[in-house]
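Novice: My structure is in start.pdb, and what it holds is PDB, C-alpha atoms:
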ATOM      1  CA  MET A   1       1.041 -25.060  19.484  1.00  0.00           C
ATOM      2  CA  ALA A   2       1.781 -21.327  19.428  1.00  0.00           C
ATOM      3  CA  GLU A   3       5.049 -20.154  17.901  1.00  0.00           C
ATOM      4  CA  THR A   4       6.300 -18.865  21.259  1.00  0.00           C
ATOM      5  CA  ASP A   5       5.553 -22.273  22.826  1.00  0.00           C
ATOM      6  CA  VAL A   6       7.555 -24.008  20.085  1.00  0.00           C
ATOM      7  CA  LYS A   7      10.484 -21.652  20.634  1.00  0.00           C
ATOM      8  CA  GLN A   8      10.351 -22.146  24.404  1.00  0.00           C
ATOM      9  CA  GLU A   9      10.150 -25.923  23.972  1.00  0.00           C
ATOM     10  CA  TYR A  10      13.290 -25.729  21.813  1.00  0.00           C
ATOM     11  CA  ARG A  11      15.138 -23.518  24.322  1.00  0.00           C
ATOM     12  CA  ASP A  12      14.199 -25.767  27.252  1.00  0.00           C
ATOM     13  CA  ALA A  13      15.228 -28.917  25.388  1.00  0.00           C
ATOM     14  CA  TYR A  14      18.525 -27.346  24.303  1.00  0.00           C
ATOM     15  CA  GLU A  15      19.387 -26.212  27.837  1.00  0.00           C
ATOM     16  CA  ALA A  16      18.511 -29.623  29.295  1.00  0.00           C
ATOM     17  CA  TRP A  17      20.655 -31.382  26.696  1.00  0.00           C
ATOM     18  CA  GLN A  18      23.598 -29.024  27.279  1.00  0.00           C
ATOM     19  CA  LYS A  19      23.399 -29.708  31.008  1.00  0.00           C
ATOM     20  CA  GLN A  20      23.617 -33.465  30.427  1.00  0.00           C
ATOM     21  CA  LEU A  21      26.315 -33.026  27.787  1.00  0.00           C
ATOM     22  CA  THR A  22      28.405 -31.009  30.255  1.00  0.00           C
ATOM     23  CA  GLY A  23      28.197 -33.945  32.657  1.00  0.00           C
ATOM     24  CA  LEU A  24      29.426 -36.312  29.959  1.00  0.00           C
ATOM     25  CA  HIS A  25      32.281 -33.971  29.093  1.00  0.00           C
ATOM     26  CA  GLU A  26      33.353 -33.893  32.730  1.00  0.00           C
ATOM     27  CA  VAL A  27      33.688 -37.677  32.648  1.00  0.00           C
ATOM     28  CA  PHE A  28      35.095 -38.276  29.164  1.00  0.00           C
ATOM     29  CA  LEU A  29      37.117 -35.124  28.530  1.00  0.00           C
ATOM     30  CA  GLU A  30      38.089 -33.937  32.003  1.00  0.00           C
ATOM     31  CA  GLY A  31      38.829 -37.349  33.504  1.00  0.00           C
ATOM     32  CA  GLY A  32      35.940 -37.430  35.958  1.00  0.00           C
ATOM     33  CA  ARG A  33      35.195 -40.791  37.529  1.00  0.00           C
ATOM     34  CA  LEU A  34      31.813 -42.455  38.000  1.00  0.00           C
ATOM     35  CA  ASP A  35      30.903 -45.939  39.063  1.00  0.00           C
ATOM     36  CA  PRO A  36      29.302 -47.992  36.250  1.00  0.00           C
ATOM     37  CA  VAL A  37      25.726 -47.561  37.481  1.00  0.00           C
ATOM     38  CA  ARG A  38      26.018 -43.769  37.632  1.00  0.00           C
ATOM     39  CA  LEU A  39      27.762 -43.668  34.250  1.00  0.00           C
ATOM     40  CA  LYS A  40      24.940 -45.666  32.688  1.00  0.00           C
ATOM     41  CA  GLY A  41      22.425 -43.246  34.208  1.00  0.00           C
ATOM     42  CA  LEU A  42      24.366 -40.268  32.879  1.00  0.00           C
ATOM     43  CA  LEU A  43      24.511 -41.779  29.386  1.00  0.00           C
ATOM     44  CA  ASN A  44      20.781 -42.544  29.452  1.00  0.00           C
ATOM     45  CA  ARG A  45      19.887 -39.026  30.619  1.00  0.00           C
ATOM     46  CA  GLU A  46      22.042 -37.453  27.906  1.00  0.00           C
ATOM     47  CA  SER A  47      20.511 -39.712  25.270  1.00  0.00           C
ATOM     48  CA  ARG A  48      16.944 -38.845  26.308  1.00  0.00           C
ATOM     49  CA  ALA A  49      17.780 -35.138  26.462  1.00  0.00           C
ATOM     50  CA  LYS A  50      19.345 -35.296  22.978  1.00  0.00           C
ATOM     51  CA  ARG A  51      16.258 -37.022  21.552  1.00  0.00           C
ATOM     52  CA  ARG A  52      14.037 -34.377  23.146  1.00  0.00           C
ATOM     53  CA  TYR A  53      16.241 -31.631  21.700  1.00  0.00           C
ATOM     54  CA  ASP A  54      16.255 -33.222  18.238  1.00  0.00           C
ATOM     55  CA  SER A  55      12.481 -33.514  18.304  1.00  0.00           C
ATOM     56  CA  ALA A  56      12.047 -29.890  19.435  1.00  0.00           C
ATOM     57  CA  ARG A  57      14.494 -28.703  16.755  1.00  0.00           C
ATOM     58  CA  LEU A  58      12.595 -30.521  14.030  1.00  0.00           C
ATOM     59  CA  HIS A  59       9.328 -29.126  15.352  1.00  0.00           C
ATOM     60  CA  LEU A  60      10.777 -25.601  15.347  1.00  0.00           C
ATOM     61  CA  LEU A  61      11.914 -26.084  11.738  1.00  0.00           C
ATOM     62  CA  GLY A  62       8.496 -27.437  10.736  1.00  0.00           C
ATOM     63  CA  ILE A  63       9.852 -30.882   9.876  1.00  0.00           C
ATOM     64  CA  GLU A  64       7.834 -33.868  10.989  1.00  0.00           C
ATOM     65  CA  GLU A  65       9.753 -36.863  12.301  1.00  0.00           C
ATOM     66  CA  GLU A  66       8.029 -39.158   9.777  1.00  0.00           C
ATOM     67  CA  ASP A  67       9.623 -37.093   6.981  1.00  0.00           C
ATOM     68  CA  ILE A  68      13.066 -37.816   8.422  1.00  0.00           C
ATOM     69  CA  THR A  69      12.571 -41.585   8.584  1.00  0.00           C
ATOM     70  CA  GLU A  70      11.492 -41.667   4.939  1.00  0.00           C
ATOM     71  CA  ASP A  71      14.722 -39.969   3.829  1.00  0.00           C
ATOM     72  CA  ASP A  72      17.160 -42.029   5.928  1.00  0.00           C
ATOM     73  CA  GLY A  73      17.872 -44.581   3.204  1.00  0.00           C
ATOM     74  CA  ASP A  74      18.686 -42.010   0.526  1.00  0.00           C
ATOM     75  CA  GLN A  75      21.894 -40.574   1.990  1.00  0.00           C
ATOM     76  CA  ASP A  76      25.039 -40.967  -0.096  1.00  0.00           C
TER      77      ASP A  76
END
Can you turn what I pasted into structure tokens?
Specialist:
Amino acid sequence: MAETDVKQEYRDAYEAWQKQLTGLHEVFLEGGRLDPVRLKGLLNRESRAKRRYDSARLHLLGIEEEDITEDDGDQD
């Protein structure tokens, strides 16, 4: 993947995650109300967007996801 594609993938993933995070903040920090089904959908969308962002960030930094899983047990 070209460097500009990697950067654009990161920007797109970040913007998508921020959009979903704003929705969560409206509910949890601003007192917004959602019925349980819509809240579950919001949480799922934010979670998927965060995973996409994390993956794009690692890709931008040149870190493979397998490298991360190997190091998980070594944290103090």
Novice: Applying the PyMOL selection byres ((chain A and resi 8-18) around 10) to the file I just gave you, which residues come out? Please list them as a list in words.
Specialist: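 With the PyMOL selection byres ((chain A and resi 8-18) around 10) on this model, the match is Ala2, Glu3, Thr4, Asp5, Val6, Lys7, Lys19, Gln20, Leu21, Thr22, Gly23, Leu24, Arg45, Glu46, Ser47, Arg48, Ala49, Lys50, Arg51, Arg52, Tyr53, Asp54, Ser55, Ala56, Arg57, Leu58, His59 and Leu60 of chain A.
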Novice: Between atom CA of A:Leu39 and atom CA of A:Val27, what is the distance, to one decimal in Å?
Specialist: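 According to the coordinates, atom CA of A:Leu39 and atom CA of A:Val27 are separated by 8.6 Å.
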Novice: Please report the interatomic distance between atom CA of A:Phe28 and atom CA of A:Lys40 in Å with one decimal.
Specialist: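 The value is 13.0 Å.
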Novice: All heavy atoms are what I want for stretch 54-65 of chain A; can you complete it accordingly and write them as a PDB file, in the frame of the given file?
Specialist:
ATOM      1  N   ASP A  54      16.410 -32.971  19.673  1.00  0.00           N
ATOM      2  CA  ASP A  54      16.255 -33.222  18.238  1.00  0.00           C
ATOM      3  C   ASP A  54      14.801 -33.083  17.804  1.00  0.00           C
ATOM      4  O   ASP A  54      14.502 -32.491  16.767  1.00  0.00           O
ATOM      5  CB  ASP A  54      16.777 -34.612  17.865  1.00  0.00           C
ATOM      6  CG  ASP A  54      18.288 -34.689  17.854  1.00  0.00           C
ATOM      7  OD1 ASP A  54      18.954 -33.631  17.750  1.00  0.00           O
ATOM      8  OD2 ASP A  54      18.810 -35.818  17.944  1.00  0.00           O
ATOM      9  N   SER A  55      13.908 -33.612  18.611  1.00  0.00           N
ATOM     10  CA  SER A  55      12.481 -33.514  18.304  1.00  0.00           C
ATOM     11  C   SER A  55      12.014 -32.059  18.330  1.00  0.00           C
ATOM     12  O   SER A  55      11.285 -31.611  17.434  1.00  0.00           O
ATOM     13  CB  SER A  55      11.683 -34.350  19.312  1.00  0.00           C
ATOM     14  OG  SER A  55      10.314 -34.234  19.066  1.00  0.00           O
ATOM     15  N   ALA A  56      12.432 -31.302  19.332  1.00  0.00           N
ATOM     16  CA  ALA A  56      12.047 -29.890  19.435  1.00  0.00           C
ATOM     17  C   ALA A  56      12.638 -29.080  18.287  1.00  0.00           C
ATOM     18  O   ALA A  56      11.978 -28.183  17.744  1.00  0.00           O
ATOM     19  CB  ALA A  56      12.506 -29.317  20.779  1.00  0.00           C
ATOM     20  N   ARG A  57      13.860 -29.405  17.875  1.00  0.00           N
ATOM     21  CA  ARG A  57      14.494 -28.703  16.755  1.00  0.00           C
ATOM     22  C   ARG A  57      13.727 -28.951  15.463  1.00  0.00           C
ATOM     23  O   ARG A  57      13.447 -28.027  14.707  1.00  0.00           O
ATOM     24  CB  ARG A  57      15.952 -29.160  16.603  1.00  0.00           C
ATOM     25  CG  ARG A  57      16.709 -28.430  15.503  1.00  0.00           C
ATOM     26  CD  ARG A  57      18.162 -28.877  15.434  1.00  0.00           C
ATOM     27  NE  ARG A  57      18.308 -30.293  15.233  1.00  0.00           N
ATOM     28  CZ  ARG A  57      18.292 -30.895  14.030  1.00  0.00           C
ATOM     29  NH1 ARG A  57      18.140 -30.194  12.951  1.00  0.00           N
ATOM     30  NH2 ARG A  57      18.444 -32.194  13.942  1.00  0.00           N
ATOM     31  N   LEU A  58      13.370 -30.207  15.228  1.00  0.00           N
ATOM     32  CA  LEU A  58      12.595 -30.521  14.030  1.00  0.00           C
ATOM     33  C   LEU A  58      11.241 -29.816  14.052  1.00  0.00           C
ATOM     34  O   LEU A  58      10.782 -29.303  13.026  1.00  0.00           O
ATOM     35  CB  LEU A  58      12.406 -32.034  13.907  1.00  0.00           C
ATOM     36  CG  LEU A  58      13.665 -32.841  13.621  1.00  0.00           C
ATOM     37  CD1 LEU A  58      13.351 -34.335  13.647  1.00  0.00           C
ATOM     38  CD2 LEU A  58      14.273 -32.433  12.295  1.00  0.00           C
ATOM     39  N   HIS A  59      10.613 -29.801  15.209  1.00  0.00           N
ATOM     40  CA  HIS A  59       9.328 -29.126  15.352  1.00  0.00           C
ATOM     41  C   HIS A  59       9.474 -27.633  15.068  1.00  0.00           C
ATOM     42  O   HIS A  59       8.648 -27.037  14.374  1.00  0.00           O
ATOM     43  CB  HIS A  59       8.765 -29.381  16.748  1.00  0.00           C
ATOM     44  CG  HIS A  59       7.349 -28.985  16.907  1.00  0.00           C
ATOM     45  ND1 HIS A  59       6.831 -28.552  18.102  1.00  0.00           N
ATOM     46  CD2 HIS A  59       6.317 -28.937  16.028  1.00  0.00           C
ATOM     47  CE1 HIS A  59       5.570 -28.259  17.946  1.00  0.00           C
ATOM     48  NE2 HIS A  59       5.228 -28.480  16.698  1.00  0.00           N
ATOM     49  N   LEU A  60      10.513 -27.020  15.581  1.00  0.00           N
ATOM     50  CA  LEU A  60      10.777 -25.601  15.347  1.00  0.00           C
ATOM     51  C   LEU A  60      10.973 -25.324  13.852  1.00  0.00           C
ATOM     52  O   LEU A  60      10.502 -24.321  13.327  1.00  0.00           O
ATOM     53  CB  LEU A  60      12.017 -25.158  16.124  1.00  0.00           C
ATOM     54  CG  LEU A  60      12.453 -23.705  15.955  1.00  0.00           C
ATOM     55  CD1 LEU A  60      11.442 -22.770  16.622  1.00  0.00           C
ATOM     56  CD2 LEU A  60      13.830 -23.492  16.544  1.00  0.00           C
ATOM     57  N   LEU A  61      11.644 -26.239  13.164  1.00  0.00           N
ATOM     58  CA  LEU A  61      11.914 -26.084  11.738  1.00  0.00           C
ATOM     59  C   LEU A  61      10.721 -26.480  10.862  1.00  0.00           C
ATOM     60  O   LEU A  61      10.759 -26.290   9.652  1.00  0.00           O
ATOM     61  CB  LEU A  61      13.135 -26.921  11.332  1.00  0.00           C
ATOM     62  CG  LEU A  61      14.451 -26.500  11.977  1.00  0.00           C
ATOM     63  CD1 LEU A  61      15.542 -27.508  11.644  1.00  0.00           C
ATOM     64  CD2 LEU A  61      14.848 -25.100  11.530  1.00  0.00           C
ATOM     65  N   GLY A  62       9.681 -27.033  11.487  1.00  0.00           N
ATOM     66  CA  GLY A  62       8.496 -27.437  10.736  1.00  0.00           C
ATOM     67  C   GLY A  62       8.665 -28.754  10.017  1.00  0.00           C
ATOM     68  O   GLY A  62       7.967 -29.034   9.041  1.00  0.00           O
ATOM     69  N   ILE A  63       9.593 -29.575  10.478  1.00  0.00           N
ATOM     70  CA  ILE A  63       9.852 -30.882   9.876  1.00  0.00           C
ATOM     71  C   ILE A  63       9.260 -31.945  10.781  1.00  0.00           C
ATOM     72  O   ILE A  63       9.562 -32.006  11.969  1.00  0.00           O
ATOM     73  CB  ILE A  63      11.365 -31.121   9.708  1.00  0.00           C
ATOM     74  CG1 ILE A  63      11.974 -30.028   8.840  1.00  0.00           C
ATOM     75  CG2 ILE A  63      11.634 -32.516   9.144  1.00  0.00           C
ATOM     76  CD1 ILE A  63      13.483 -30.060   8.784  1.00  0.00           C
ATOM     77  N   GLU A  64       8.422 -32.774  10.218  1.00  0.00           N
ATOM     78  CA  GLU A  64       7.834 -33.868  10.989  1.00  0.00           C
ATOM     79  C   GLU A  64       8.818 -35.028  11.041  1.00  0.00           C
ATOM     80  O   GLU A  64       9.545 -35.284  10.086  1.00  0.00           O
ATOM     81  CB  GLU A  64       6.526 -34.327  10.347  1.00  0.00           C
ATOM     82  CG  GLU A  64       5.467 -33.246  10.334  1.00  0.00           C
ATOM     83  CD  GLU A  64       5.061 -32.789  11.732  1.00  0.00           C
ATOM     84  OE1 GLU A  64       4.976 -33.642  12.634  1.00  0.00           O
ATOM     85  OE2 GLU A  64       4.836 -31.597  11.908  1.00  0.00           O
ATOM     86  N   GLU A  65       8.814 -35.751  12.132  1.00  0.00           N
ATOM     87  CA  GLU A  65       9.753 -36.863  12.301  1.00  0.00           C
ATOM     88  C   GLU A  65       9.532 -37.955  11.267  1.00  0.00           C
ATOM     89  O   GLU A  65      10.463 -38.625  10.865  1.00  0.00           O
ATOM     90  CB  GLU A  65       9.665 -37.429  13.713  1.00  0.00           C
ATOM     91  CG  GLU A  65      10.233 -36.470  14.733  1.00  0.00           C
ATOM     92  CD  GLU A  65      10.410 -37.090  16.087  1.00  0.00           C
ATOM     93  OE1 GLU A  65      10.873 -38.248  16.153  1.00  0.00           O
ATOM     94  OE2 GLU A  65      10.094 -36.428  17.069  1.00  0.00           O
TER      95      GLU A  65
END
